[in-house]
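Structure file start01.txt; described as compact mmCIF, C-alpha atoms.
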# COMPACT_ATOMS: atom_id res chain seq x y z
CA MET Z 1 -13.99 49.92 45.82
CA MET Z 2 -12.78 46.39 45.19
CA THR Z 3 -10.08 46.21 42.54
CA HIS Z 4 -10.08 43.74 39.70
CA THR Z 5 -7.46 41.07 39.89
CA ARG Z 6 -7.54 39.62 36.43
CA MET Z 7 -5.93 36.31 35.72
CA PRO Z 8 -3.34 36.70 32.99
CA ARG Z 9 -4.20 34.91 29.77
CA LEU Z 10 -2.54 31.54 29.42
CA LYS Z 11 0.67 32.08 27.51
CA ARG Z 12 1.24 30.15 24.30
CA GLN Z 13 4.68 28.54 24.29
CA LYS Z 14 6.74 27.76 21.22
CA PRO Z 15 5.42 24.44 19.81
CA HIS Z 16 6.96 21.15 20.79
CA ALA Z 17 7.46 18.99 17.70
CA VAL Z 18 6.77 15.29 18.19
CA ALA Z 19 9.60 13.61 16.36
CA GLY Z 20 10.90 10.06 16.51
CA ARG Z 21 13.64 8.31 14.58
CA THR Z 22 11.41 8.42 11.51
CA ASP Z 23 7.96 9.75 10.61
CA LEU Z 24 6.45 6.34 11.50
CA LEU Z 25 6.15 5.97 15.27
CA ASN Z 26 5.44 2.60 16.81
CA GLY Z 27 5.78 0.66 20.03
CA ARG Z 28 5.81 1.49 23.70
CA PRO Z 29 9.54 2.27 24.04
CA GLU Z 30 9.25 4.96 21.38
CA GLY Z 31 6.11 6.34 23.04
CA ARG Z 32 7.89 6.48 26.41
CA ALA Z 33 10.83 8.36 24.92
CA LEU Z 34 8.47 10.85 23.28
CA ALA Z 35 6.57 11.30 26.55
CA ASP Z 36 9.79 11.89 28.48
CA ARG Z 37 10.88 14.63 26.06
CA LEU Z 38 7.49 16.31 26.12
CA LEU Z 39 7.22 16.14 29.91
CA ALA Z 40 10.70 17.61 30.29
CA GLN Z 41 9.78 20.55 28.10
CA LEU Z 42 6.47 21.01 29.89
CA ALA Z 43 8.08 20.99 33.31
CA ALA Z 44 10.66 23.53 32.16
CA SER Z 45 8.06 25.91 30.70
CA GLU Z 46 6.69 28.80 32.70
CA PRO Z 47 3.46 28.42 34.70
CA ASP Z 48 0.11 29.58 33.27
CA SER Z 49 1.03 28.42 29.80
CA ILE Z 50 -0.06 26.15 26.99
CA LEU Z 51 2.44 24.12 25.04
CA PRO Z 52 1.25 23.32 21.51
CA VAL Z 53 2.28 19.76 20.64
CA ASP Z 54 2.84 19.57 16.91
CA PHE Z 55 2.46 16.28 15.04
CA GLY Z 56 3.35 17.72 11.65
CA GLN Z 57 6.36 15.44 11.28
CA VAL Z 58 4.40 12.28 12.10
CA ARG Z 59 2.90 10.23 9.29
CA PHE Z 60 1.64 7.31 11.40
CA MET Z 61 1.57 6.46 15.10
CA ASP Z 62 0.39 3.08 16.30
CA PHE Z 63 -1.87 2.62 19.28
CA SER Z 64 0.82 1.52 21.76
CA CYS Z 65 3.05 4.50 20.99
CA ALA Z 66 0.11 6.91 21.20
CA ASP Z 67 -0.97 5.29 24.47
CA GLU Z 68 2.42 5.73 26.14
CA LEU Z 69 2.75 9.31 24.95
CA LEU Z 70 -0.70 10.71 25.56
CA THR Z 71 -1.71 8.75 28.65
CA ARG Z 72 1.46 9.54 30.59
CA VAL Z 73 1.42 13.21 29.73
CA LEU Z 74 -2.30 13.84 30.29
CA ARG Z 75 -2.31 11.99 33.61
CA ARG Z 76 0.60 14.08 34.85
CA ILE Z 77 -1.25 17.25 33.85
CA ARG Z 78 -4.49 16.10 35.47
CA SER Z 79 -2.74 15.13 38.68
CA GLY Z 80 -1.68 18.76 39.14
CA GLU Z 81 2.02 17.84 39.27
CA LEU Z 82 2.71 20.25 36.43
CA GLY Z 83 0.76 23.10 37.98
CA THR Z 84 -0.86 25.36 35.39
CA ARG Z 85 0.96 23.94 32.37
CA PHE Z 86 -1.15 22.38 29.64
CA ILE Z 87 -0.94 21.01 26.13
CA LEU Z 88 -2.85 21.59 22.90
CA LEU Z 89 -2.45 19.08 20.09
CA GLN Z 90 -2.10 20.39 16.54
CA ASN Z 91 -1.32 19.29 13.00
CA LEU Z 92 -2.73 15.81 13.40
CA ALA Z 93 -2.87 13.76 10.23
CA PRO Z 94 -5.99 11.55 10.12
CA SER Z 95 -3.81 8.46 10.50
CA VAL Z 96 -2.35 9.90 13.71
CA GLU Z 97 -5.60 11.25 15.10
CA GLU Z 98 -7.28 7.86 14.72
CA ASN Z 99 -5.11 6.16 17.34
CA LEU Z 100 -4.99 9.18 19.65
CA VAL Z 101 -8.80 9.14 19.68
CA ALA Z 102 -8.70 5.42 20.50
CA VAL Z 103 -6.34 6.10 23.42
CA CYS Z 104 -8.64 8.79 24.80
CA ALA Z 105 -11.64 6.49 24.51
CA LEU Z 106 -10.00 3.52 26.21
CA ARG Z 107 -8.20 5.46 28.94
CA ASP Z 108 -11.07 7.90 29.56
CA LEU Z 109 -9.00 10.95 28.70
CA VAL Z 110 -9.72 14.18 26.87
CA CYS Z 111 -7.37 16.72 25.32
CA PRO Z 112 -7.90 19.97 23.39
CA GLN Z 113 -6.70 20.11 19.81
CA ARG Z 114 -6.52 22.70 17.08
CA THR Z 115 -8.06 21.17 13.97
CA GLN Z 116 -6.73 21.58 10.46
CA GLU Z 117 -9.40 24.29 10.01
CA GLY Z 118 -7.98 26.23 12.95
CA LYS Z 119 -10.88 25.49 15.30
CA ILE Z 120 -10.54 24.26 18.86
CA ALA Z 121 -12.05 20.80 19.37
CA LEU Z 122 -11.71 18.04 21.91
CA LEU Z 123 -10.00 14.72 21.37
CA GLY Z 124 -11.88 12.24 23.49
CA LYS Z 125 -15.46 12.22 24.64
CA ILE Z 126 -17.12 14.23 27.37
CA GLY Z 127 -20.82 14.71 27.98
CA PRO Z 128 -22.71 17.25 25.83
CA GLU Z 129 -23.22 19.66 28.76
CA LEU Z 130 -19.52 19.68 29.58
CA ALA Z 131 -18.64 20.07 25.89
CA ALA Z 132 -21.03 23.03 25.51
CA THR Z 133 -19.62 24.69 28.63
CA TYR Z 134 -16.06 24.22 27.40
CA GLN Z 135 -16.92 25.67 23.98
CA LEU Z 136 -18.52 28.66 25.70
CA ALA Z 137 -15.26 29.21 27.58
CA VAL Z 138 -13.32 28.91 24.30
CA ARG Z 139 -15.57 31.51 22.63
CA LYS Z 140 -15.56 33.97 25.50
CA GLY Z 141 -12.03 33.30 26.76
CA ARG Z 142 -13.10 33.55 30.42
CA ILE Z 143 -16.38 32.57 32.05
CA THR Z 144 -18.06 32.46 35.44
CA ALA Z 145 -20.78 30.12 36.67
CA ARG Z 146 -23.39 32.85 36.11
CA GLU Z 147 -22.40 33.20 32.46
CA VAL Z 148 -22.91 29.47 31.91
CA LEU Z 149 -26.52 29.88 33.04
CA ALA Z 150 -27.16 31.62 29.73
CA ILE Z 151 -26.68 28.32 27.88
CA ALA Z 152 -28.23 26.17 30.61
CA PRO Z 153 -31.24 28.13 31.85
CA GLY Z 154 -32.95 25.26 33.64
CA VAL Z 155 -29.88 24.23 35.59
CA GLY Z 156 -29.08 25.36 39.14
CA ILE Z 157 -25.97 27.35 39.94
CA SER Z 158 -24.43 24.57 42.02
CA ALA Z 159 -24.80 22.09 39.14
CA ILE Z 160 -23.09 24.64 36.88
CA SER Z 161 -20.29 25.00 39.43
CA ASN Z 162 -19.90 21.23 39.41
CA ARG Z 163 -19.57 21.26 35.63
CA LEU Z 164 -16.88 23.89 35.78
CA ALA Z 165 -15.04 22.02 38.51
CA LYS Z 166 -15.22 18.83 36.43
CA LEU Z 167 -13.77 20.60 33.40
CA GLN Z 168 -11.00 21.93 35.60
CA THR Z 169 -10.25 18.39 36.82
CA LEU Z 170 -10.07 17.27 33.19
CA GLY Z 171 -7.44 19.92 32.51
CA LEU Z 172 -9.71 21.86 30.15
CA LEU Z 173 -10.28 24.94 32.31
CA VAL Z 174 -8.01 26.90 34.64
CA ARG Z 175 -9.64 28.51 37.66
CA THR Z 176 -8.77 31.60 39.57
CA ARG Z 177 -10.45 33.87 42.08
CA GLU Z 178 -11.08 37.38 40.97
CA GLY Z 179 -12.66 40.32 42.70
CA GLY Z 180 -15.06 42.83 41.20
CA PRO Z 181 -17.07 45.81 42.39
CA ALA Z 182 -20.32 44.39 41.04
CA SER Z 183 -20.16 41.22 43.07
CA GLY Z 184 -18.85 42.88 46.17
CA GLY Z 185 -16.75 39.82 46.74
CA ARG Z 186 -14.58 37.33 44.99
CA GLN Z 187 -15.75 34.79 42.47
CA PHE Z 188 -14.24 31.97 40.50
CA VAL Z 189 -13.36 32.74 36.91
CA TYR Z 190 -12.48 30.00 34.47
CA GLN Z 191 -10.25 30.27 31.46
CA ALA Z 192 -10.29 27.71 28.64
CA VAL Z 193 -7.19 25.72 27.92
CA CYS Z 194 -6.99 26.31 24.16
CA MET E 1 15.67 -20.12 18.34
CA HIS E 2 15.76 -17.95 15.23
CA PHE E 3 13.98 -18.44 11.99
CA PRO E 4 16.39 -19.69 9.30
CA ALA E 5 17.34 -17.39 6.48
CA VAL E 6 14.73 -19.06 4.22
CA PRO E 7 11.75 -19.18 6.53
CA SER E 8 9.23 -19.90 3.76
CA THR E 9 10.40 -23.49 3.71
CA ILE E 10 9.41 -24.09 7.30
CA ALA E 11 6.98 -21.37 8.30
CA SER E 12 3.41 -22.45 8.02
CA LEU E 13 1.40 -19.30 8.35
CA GLU E 14 -2.28 -19.59 7.68
CA GLY E 15 -3.15 -17.98 4.39
CA THR E 16 0.34 -17.79 2.92
CA GLY E 17 1.58 -19.71 -0.07
CA GLY E 18 -0.49 -18.21 -2.85
CA GLY E 19 -2.13 -20.31 -5.51
CA ARG E 20 -5.66 -21.58 -5.61
CA GLY E 21 -7.21 -23.26 -2.63
CA ALA E 22 -10.55 -23.68 -0.97
CA ARG E 23 -10.65 -19.95 -0.32
CA GLY E 24 -10.21 -19.04 -4.00
CA PRO E 25 -7.33 -17.24 -5.68
CA SER E 26 -5.02 -15.37 -3.32
CA ASP E 27 -2.41 -12.71 -3.91
CA VAL E 28 0.58 -11.84 -1.85
CA LEU E 29 0.46 -8.34 -0.37
CA LEU E 30 3.53 -8.67 1.79
CA GLU E 31 6.13 -11.38 1.27
CA LEU E 32 7.32 -13.32 4.30
CA THR E 33 9.42 -10.65 6.02
CA PRO E 34 11.74 -11.09 9.00
CA ILE E 35 11.04 -8.92 12.02
CA GLU E 36 13.86 -8.45 14.49
CA HIS E 37 14.16 -4.72 15.21
CA GLN E 38 11.87 -1.71 15.26
CA ALA E 39 13.47 -0.66 11.98
CA ASP E 40 12.00 -3.81 10.39
CA VAL E 41 8.54 -2.82 11.62
CA GLU E 42 9.02 0.66 10.19
CA GLN E 43 10.01 -0.80 6.85
CA VAL E 44 6.86 -2.95 6.79
CA LEU E 45 4.73 0.09 7.60
CA ARG E 46 6.46 2.08 4.88
CA THR E 47 5.70 -0.69 2.39
CA VAL E 48 2.05 -0.71 3.43
CA LEU E 49 1.74 3.07 3.25
CA GLY E 50 3.31 3.01 -0.18
CA ARG E 51 2.77 0.11 -2.55
CA ILE E 52 0.24 -1.92 -0.54
CA ARG E 53 -1.93 1.07 0.24
CA ARG E 54 -2.89 1.40 -3.43
CA ILE E 55 -3.88 -2.28 -3.58
CA LEU E 56 -5.95 -1.96 -0.40
CA GLU E 57 -7.70 1.11 -1.78
CA ARG E 58 -8.35 -0.40 -5.19
CA GLU E 59 -9.25 -3.97 -4.28
CA LEU E 60 -10.66 -3.75 -0.78
CA GLY E 61 -12.16 -0.29 -1.06
CA TYR E 62 -10.13 0.92 1.91
CA GLY E 63 -10.06 4.62 2.73
CA GLU E 64 -7.59 6.46 4.93
CA ARG E 65 -9.14 5.25 8.19
CA ASP E 66 -9.14 1.66 7.00
CA VAL E 67 -5.49 1.78 5.94
CA THR E 68 -4.67 3.25 9.35
CA ALA E 69 -6.51 0.37 11.02
CA PHE E 70 -4.59 -2.12 8.86
CA CYS E 71 -1.28 -0.44 9.73
CA THR E 72 -2.19 -0.47 13.41
CA VAL E 73 -2.88 -4.22 13.32
CA LEU E 74 0.44 -4.88 11.58
CA SER E 75 2.38 -2.53 13.81
CA GLU E 76 0.98 -3.88 17.07
CA ALA E 77 1.50 -7.51 16.06
CA CYS E 78 5.03 -6.97 14.73
CA THR E 79 6.13 -4.71 17.57
CA ASN E 80 5.13 -7.43 20.03
CA ILE E 81 7.83 -9.59 18.45
CA CYS E 82 10.47 -6.95 19.12
CA ASP E 83 9.25 -5.99 22.58
CA HIS E 84 8.00 -9.23 24.09
CA SER E 85 9.12 -12.37 22.28
CA ALA E 86 12.83 -12.26 23.14
CA ASP E 87 13.33 -13.55 19.63
CA SER E 88 12.83 -12.55 16.02
CA GLY E 89 9.84 -13.49 13.90
CA VAL E 90 8.18 -13.11 10.54
CA VAL E 91 5.18 -11.35 9.06
CA ALA E 92 3.28 -11.87 5.82
CA ALA E 93 0.01 -10.66 4.31
CA GLN E 94 -2.17 -11.94 1.51
CA ARG E 95 -5.48 -10.93 0.00
CA TYR E 96 -8.22 -13.34 -0.96
CA THR E 97 -11.13 -13.11 -3.36
CA PRO E 98 -13.44 -16.00 -2.42
CA ARG E 99 -16.18 -16.96 -4.77
CA GLY E 100 -19.48 -15.50 -3.58
CA GLY E 101 -18.00 -13.64 -0.62
CA PRO E 102 -16.32 -10.34 0.22
CA ARG E 103 -12.63 -9.93 -0.39
CA TYR E 104 -10.44 -10.03 2.65
CA VAL E 105 -6.85 -9.84 3.71
CA ILE E 106 -4.99 -12.11 6.12
CA VAL E 107 -1.99 -10.97 8.13
CA GLY E 108 0.18 -13.69 9.68
CA VAL E 109 2.78 -12.97 12.36
CA ALA E 110 4.84 -15.58 14.16
CA ASP E 111 7.86 -16.00 16.35
CA LEU E 112 9.53 -18.87 18.21
CA GLY E 113 10.22 -16.84 21.30
CA ILE E 114 9.10 -17.16 24.89
CA GLY E 115 5.36 -17.17 24.23
CA ILE E 116 2.57 -15.06 25.69
CA ARG E 117 2.47 -16.56 29.18
CA GLN E 118 6.17 -16.14 29.87
CA SER E 119 6.18 -12.69 28.29
CA LEU E 120 3.39 -11.56 30.62
CA ALA E 121 5.14 -13.25 33.55
CA THR E 122 8.23 -11.10 33.04
CA ARG E 123 6.03 -8.08 33.81
CA TYR E 124 3.39 -9.57 36.10
CA ARG E 125 4.74 -12.36 38.28
CA HIS E 126 1.39 -14.00 38.97
CA ALA E 127 0.99 -14.64 35.21
CA ALA E 128 3.50 -17.50 35.52
CA ARG E 129 0.79 -19.50 37.29
CA TRP E 130 -1.71 -19.13 34.45
CA SER E 131 -2.42 -21.75 31.88
CA HIS E 132 -1.52 -20.81 28.30
CA ILE E 133 -5.17 -20.31 27.39
CA GLN E 134 -5.63 -18.03 30.39
CA ALA E 135 -2.63 -16.00 29.33
CA ILE E 136 -3.99 -15.60 25.80
CA VAL E 137 -7.44 -14.60 27.04
CA ASN E 138 -5.99 -12.07 29.49
CA ALA E 139 -3.69 -10.64 26.84
CA LEU E 140 -6.77 -9.85 24.74
CA ARG E 141 -8.77 -8.30 27.55
CA LYS E 142 -8.98 -4.58 28.14
CA GLU E 143 -8.51 -4.96 31.86
CA TYR E 144 -7.91 -7.65 34.34
CA SER E 145 -7.80 -7.24 38.06
CA ARG E 146 -4.37 -6.09 39.07
CA HIS E 147 -3.08 -4.08 36.14
CA PRO E 148 -5.52 -1.64 34.63
CA ASP E 149 -2.72 0.28 32.98
CA ARG E 150 -1.06 -2.48 31.05
CA GLY E 151 -0.51 -2.43 27.32
CA LEU E 152 -3.62 -2.73 25.18
CA GLY E 153 -2.06 -3.53 21.82
CA LEU E 154 -3.68 -6.96 21.39
CA PHE E 155 -6.96 -5.64 22.74
CA MET E 156 -6.88 -2.94 20.05
CA VAL E 157 -6.14 -5.58 17.40
CA SER E 158 -9.17 -7.60 18.54
CA LYS E 159 -11.37 -4.46 18.42
CA ILE E 160 -10.27 -3.65 14.88
CA VAL E 161 -10.83 -7.26 13.83
CA GLY E 162 -14.35 -7.09 15.21
CA ALA E 163 -15.06 -3.80 13.46
CA TYR E 164 -13.95 -5.27 10.12
CA ARG E 165 -16.00 -8.44 10.48
CA GLY E 166 -12.75 -10.33 10.67
CA SER E 167 -11.24 -13.08 12.72
CA LEU E 168 -8.31 -13.45 15.05
CA HIS E 169 -6.43 -16.65 15.57
CA LEU E 170 -3.91 -16.64 18.42
CA ARG E 171 -1.69 -19.54 19.36
CA SER E 172 0.90 -19.88 22.10
CA GLY E 173 2.10 -22.77 24.27
CA ASP E 174 -0.49 -25.55 24.25
CA ALA E 175 -3.41 -23.20 23.56
CA ARG E 176 -5.08 -21.86 20.49
CA LEU E 177 -7.92 -19.34 20.50
CA TYR E 178 -10.11 -18.43 17.55
CA LEU E 179 -12.13 -15.21 17.71
CA HIS E 180 -14.88 -14.65 15.17
CA HIS E 181 -18.01 -13.16 16.72
CA ARG E 182 -17.21 -15.23 19.78
CA ALA E 183 -14.13 -16.87 21.23
CA ARG E 184 -13.51 -20.58 20.77
CA ARG E 185 -10.70 -22.67 22.07
CA ILE E 186 -9.28 -25.05 19.49
CA ALA E 187 -7.18 -28.09 20.25
CA ALA E 188 -3.57 -27.54 19.30
CA GLY E 189 -0.18 -29.10 19.63
CA PRO E 190 2.45 -27.15 21.55
CA PHE E 191 3.88 -24.05 19.93
CA PRO E 192 6.85 -22.52 21.73
CA GLY E 193 6.41 -18.93 20.66
CA THR E 194 3.41 -16.97 19.42
CA GLN E 195 1.45 -17.17 16.21
CA LEU E 196 -1.19 -14.70 15.09
CA ALA E 197 -3.44 -14.81 12.04
CA ILE E 198 -5.72 -11.83 11.52
CA SER E 199 -8.29 -11.48 8.78
CA LEU E 200 -9.93 -8.19 7.82
CA SER E 201 -12.78 -7.91 5.34
CA ALA E 202 -13.12 -5.46 2.49
CA ARG E 203 -14.95 -2.19 3.01
CA GLY E 204 -18.60 -2.65 2.33
CA ALA E 205 -18.75 -6.00 4.08
CA PRO E 206 -21.13 -5.36 6.99
CA LYS E 207 -19.22 -3.98 9.96
CA ARG E 208 -19.92 -4.77 13.58
CA PRO E 209 -20.12 -1.74 15.88
Just dump the structure as structure tokens.
Amino acid sequence: MMTHTRMPRLKRQKPHAVAGRTDLLNGRPEGRALADRLLAQLAASEPDSILPVDFGQVRFMDFSCADELLTRVLRRIRSGELGTRFILLQNLAPSVEENLVAVCALRDLVCPQRTQEGKIALLGKIGPELAATYQLAVRKGRITAREVLAIAPGVGISAISNRLAKLQTLGLLVRTREGGPASGGRQFVYQAVC
Amino acid sequence: MHFPAVPSTIASLEGTGGGRGARGPSDVLLELTPIEHQADVEQVLRTVLGRIRRILERELGYGERDVTAFCTVLSEACTNICDHSADSGVVAAQRYTPRGGPRYVIVGVADLGIGIRQSLATRYRHAARWSHIQAIVNALRKEYSRHPDRGLGLFMVSKIVGAYRGSLHLRSGDARLYLHHRARRIAAGPFPGTQLAISLSARGAPKRP
């Protein structure tokens, strides 16, 4: 009988507070300094973990500062350099979220965030099929390609696998191989970064 | 070259000066303010988020998103002085209530530093070969050939201006560009640094997508 090898749930680290000299963050040099601090903490955190990035102390962040911070960090995550370490944005004031959304749109990036209502949403745009698949993973915690078929009945399994692979490339899902007696083999299981 | 301690006697920013003119009565939102360090930019933002915010809400119908857009325009323009001009500069803002038209605000930012072309050339060597008008146009573009990852501050300013049915007037070297629906080059005498005049309309004036 094949044993289950379950991927451990992504660990939630202690939040990293985004904090500059004041609560008004502007300019590229400030953004670079913030990115350096966040990247250092990310690199030092254990693998298979999510680092909440808290903007509670930020009243306003201009576009250039947001660009330096978010673009550098998300690209490092997406490149795989940081392994299975991810971020989740939280406590975004509308004035801060506005420019972070603009960065994601212009740089073609996407990042999970916890909204003020406590829900998991995405900053940045992805296609509706990818968004629905990600939200399924958030609801269920872990999904396989076969489980996605339930929300995409007319779609072939290889197209579903492509969706899941795309979400993994975007840093929104973490993939592992797990075995199970039902399958008689190993399959990919995806966990939401949230 | 630095602006003298009383820059209002020599600075000639479009839209400043108060009083009645062809545009109708104007009111000062932000007095001519020197910008030399990031702390100066923060102080301007603090003033906007405090006193000026209430005026923008009351008289231009601005909500939170609109005030954020206004702050972003100010911050990007002023921070460029600190980061790229190799000099100090000034910023001012006024609101206008023209007869028969929507209210609007004009932000003026200027410095007598190295100008846009030389500033870009310090980061991208080939920019030194551009004309001043080419440098201005490229500074406003989202991408141009060799550097897809460069700063997009001025591009963001132009996007916000477009969304608020506004205009952008950018002057540096021997070139002057006016952006309102479309870009037009205007004849200009030489200007050693950089001058920006940005107008944003009141909420409710038809926005462009």
Pick from E:Leu179, E:Ile35, E:Ala128, E:Leu45: nearest to chain Z, with only C-alpha atoms counted?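 Under the stated criterion, the closest residue is E:Leu45.
A straight line drawn from atom CA of Val18 of chain Z to atom CA of Glu30 of chain Z is 11.1 Å long.
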Which chain E residues have any atom within 10 Å of an atom of chain Z, and for each, what is the nearest pair of atoms with distance in Å to one decimal, counting all atoms listed in the file, rows sorted by chain and number, as CSV?
residue,atom,partner,partner_atom,distance
E:Gln38,CA,Z:Asn26,CA,7.9
E:Ala39,CA,Z:Thr22,CA,9.3
E:Val41,CA,Z:Asn26,CA,8.1
E:Glu42,CA,Z:Leu24,CA,6.4
E:Gln43,CA,Z:Leu24,CA,9.2
E:Leu45,CA,Z:Leu24,CA,7.6
E:Arg46,CA,Z:Leu24,CA,7.9
E:Leu49,CA,Z:Phe60,CA,9.2
E:Glu64,CA,Z:Ser95,CA,7.0
E:Arg65,CA,Z:Ser95,CA,6.6
E:Asp66,CA,Z:Ser95,CA,9.3
E:Val67,CA,Z:Ser95,CA,8.3
E:Thr68,CA,Z:Ser95,CA,5.4
E:Ala69,CA,Z:Glu98,CA,8.4
E:Cys71,CA,Z:Asp62,CA,7.6
E:Thr72,CA,Z:Asp62,CA,5.3
E:Val73,CA,Z:Asp62,CA,8.5
E:Leu74,CA,Z:Asp62,CA,9.3
E:Ser75,CA,Z:Asp62,CA,6.5
E:Glu76,CA,Z:Asp62,CA,7.0
E:Cys78,CA,Z:Gly27,CA,9.3
E:Thr79,CA,Z:Gly27,CA,5.9
E:Asn80,CA,Z:Gly27,CA,8.1
E:Cys82,CA,Z:Gly27,CA,9.0
E:Asp83,CA,Z:Gly27,CA,7.9
E:Lys142,CA,Z:Leu106,CA,8.4
E:Pro148,CA,Z:Arg107,CA,9.5
E:Asp149,CA,Z:Arg107,CA,8.6
E:Gly151,CA,Z:Ser64,CA,6.9
E:Leu152,CA,Z:Ser64,CA,7.0
E:Gly153,CA,Z:Ser64,CA,5.8
E:Leu154,CA,Z:Ser64,CA,9.6
E:Met156,CA,Z:Phe63,CA,7.5
E:Val157,CA,Z:Phe63,CA,9.4
Please list as a PyMOL selection string every residue within 12 Å of segment 172-175 of chain Z, counting all atoms listed in the file and excluding residues in the same chain fewer than 3 positions away. chain Z and resi 6-10+47-50+74+77-78+80+83-88+109-113+120-124+126+130-131+133-138+141-145+161+163-169+178+187-194
Report, in Å with one decimal, the straight-line distance from atom CA of Glu117 of chain Z to atom CA of Asn91 of chain Z.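 Answer for the atom CA of Glu117 of chain Z to atom CA of Asn91 of chain Z separation: 10.0 Å.
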Non-local contacts of Thr33 of chain E (7 Å; all atoms listed in the file; under 6 positions in same chain excluded) as a ChimeraX atom specification: /E:90-92
Please rebuild segment 145-160 of chain Z with N, CA and C atoms and return the result as a PDB file, in the coordinates of the input.
ATOM      1  N   ALA Z 145     -19.634  31.029  36.580  1.00  0.00           N
ATOM      2  CA  ALA Z 145     -20.780  30.120  36.670  1.00  0.00           C
ATOM      3  C   ALA Z 145     -22.047  30.848  36.183  1.00  0.00           C
ATOM      4  N   ARG Z 146     -22.188  32.110  36.511  1.00  0.00           N
ATOM      5  CA  ARG Z 146     -23.390  32.850  36.110  1.00  0.00           C
ATOM      6  C   ARG Z 146     -23.503  32.964  34.599  1.00  0.00           C
ATOM      7  N   GLU Z 147     -22.347  33.079  33.917  1.00  0.00           N
ATOM      8  CA  GLU Z 147     -22.400  33.200  32.460  1.00  0.00           C
ATOM      9  C   GLU Z 147     -22.816  31.892  31.802  1.00  0.00           C
ATOM     10  N   VAL Z 148     -22.522  30.781  32.458  1.00  0.00           N
ATOM     11  CA  VAL Z 148     -22.910  29.470  31.910  1.00  0.00           C
ATOM     12  C   VAL Z 148     -24.425  29.299  31.985  1.00  0.00           C
ATOM     13  N   LEU Z 149     -25.064  29.973  32.927  1.00  0.00           N
ATOM     14  CA  LEU Z 149     -26.520  29.880  33.040  1.00  0.00           C
ATOM     15  C   LEU Z 149     -27.207  30.288  31.744  1.00  0.00           C
ATOM     16  N   ALA Z 150     -26.568  31.153  30.986  1.00  0.00           N
ATOM     17  CA  ALA Z 150     -27.160  31.620  29.730  1.00  0.00           C
ATOM     18  C   ALA Z 150     -27.354  30.477  28.735  1.00  0.00           C
ATOM     19  N   ILE Z 151     -26.511  29.458  28.816  1.00  0.00           N
ATOM     20  CA  ILE Z 151     -26.680  28.320  27.880  1.00  0.00           C
ATOM     21  C   ILE Z 151     -27.326  27.132  28.571  1.00  0.00           C
ATOM     22  N   ALA Z 152     -27.603  27.273  29.860  1.00  0.00           N
ATOM     23  CA  ALA Z 152     -28.230  26.170  30.610  1.00  0.00           C
ATOM     24  C   ALA Z 152     -29.262  26.769  31.558  1.00  0.00           C
ATOM     25  N   PRO Z 153     -30.328  27.354  31.016  1.00  0.00           N
ATOM     26  CA  PRO Z 153     -31.240  28.130  31.850  1.00  0.00           C
ATOM     27  C   PRO Z 153     -31.972  27.322  32.915  1.00  0.00           C
ATOM     28  N   GLY Z 154     -32.193  26.041  32.657  1.00  0.00           N
ATOM     29  CA  GLY Z 154     -32.950  25.260  33.640  1.00  0.00           C
ATOM     30  C   GLY Z 154     -32.103  24.630  34.716  1.00  0.00           C
ATOM     31  N   VAL Z 155     -30.810  24.925  34.690  1.00  0.00           N
ATOM     32  CA  VAL Z 155     -29.880  24.230  35.590  1.00  0.00           C
ATOM     33  C   VAL Z 155     -29.509  25.144  36.754  1.00  0.00           C
ATOM     34  N   GLY Z 156     -29.431  24.582  37.946  1.00  0.00           N
ATOM     35  CA  GLY Z 156     -29.080  25.360  39.140  1.00  0.00           C
ATOM     36  C   GLY Z 156     -27.623  25.766  39.145  1.00  0.00           C
ATOM     37  N   ILE Z 157     -27.332  26.805  39.927  1.00  0.00           N
ATOM     38  CA  ILE Z 157     -25.970  27.350  39.940  1.00  0.00           C
ATOM     39  C   ILE Z 157     -24.976  26.348  40.507  1.00  0.00           C
ATOM     40  N   SER Z 158     -25.417  25.505  41.443  1.00  0.00           N
ATOM     41  CA  SER Z 158     -24.430  24.570  42.020  1.00  0.00           C
ATOM     42  C   SER Z 158     -24.109  23.465  41.023  1.00  0.00           C
ATOM     43  N   ALA Z 159     -25.089  23.080  40.187  1.00  0.00           N
ATOM     44  CA  ALA Z 159     -24.800  22.090  39.140  1.00  0.00           C
ATOM     45  C   ALA Z 159     -23.830  22.683  38.119  1.00  0.00           C
ATOM     46  N   ILE Z 160     -24.006  23.963  37.814  1.00  0.00           N
ATOM     47  CA  ILE Z 160     -23.090  24.640  36.880  1.00  0.00           C
ATOM     48  C   ILE Z 160     -21.684  24.658  37.482  1.00  0.00           C
TER      49      ILE Z 160
END
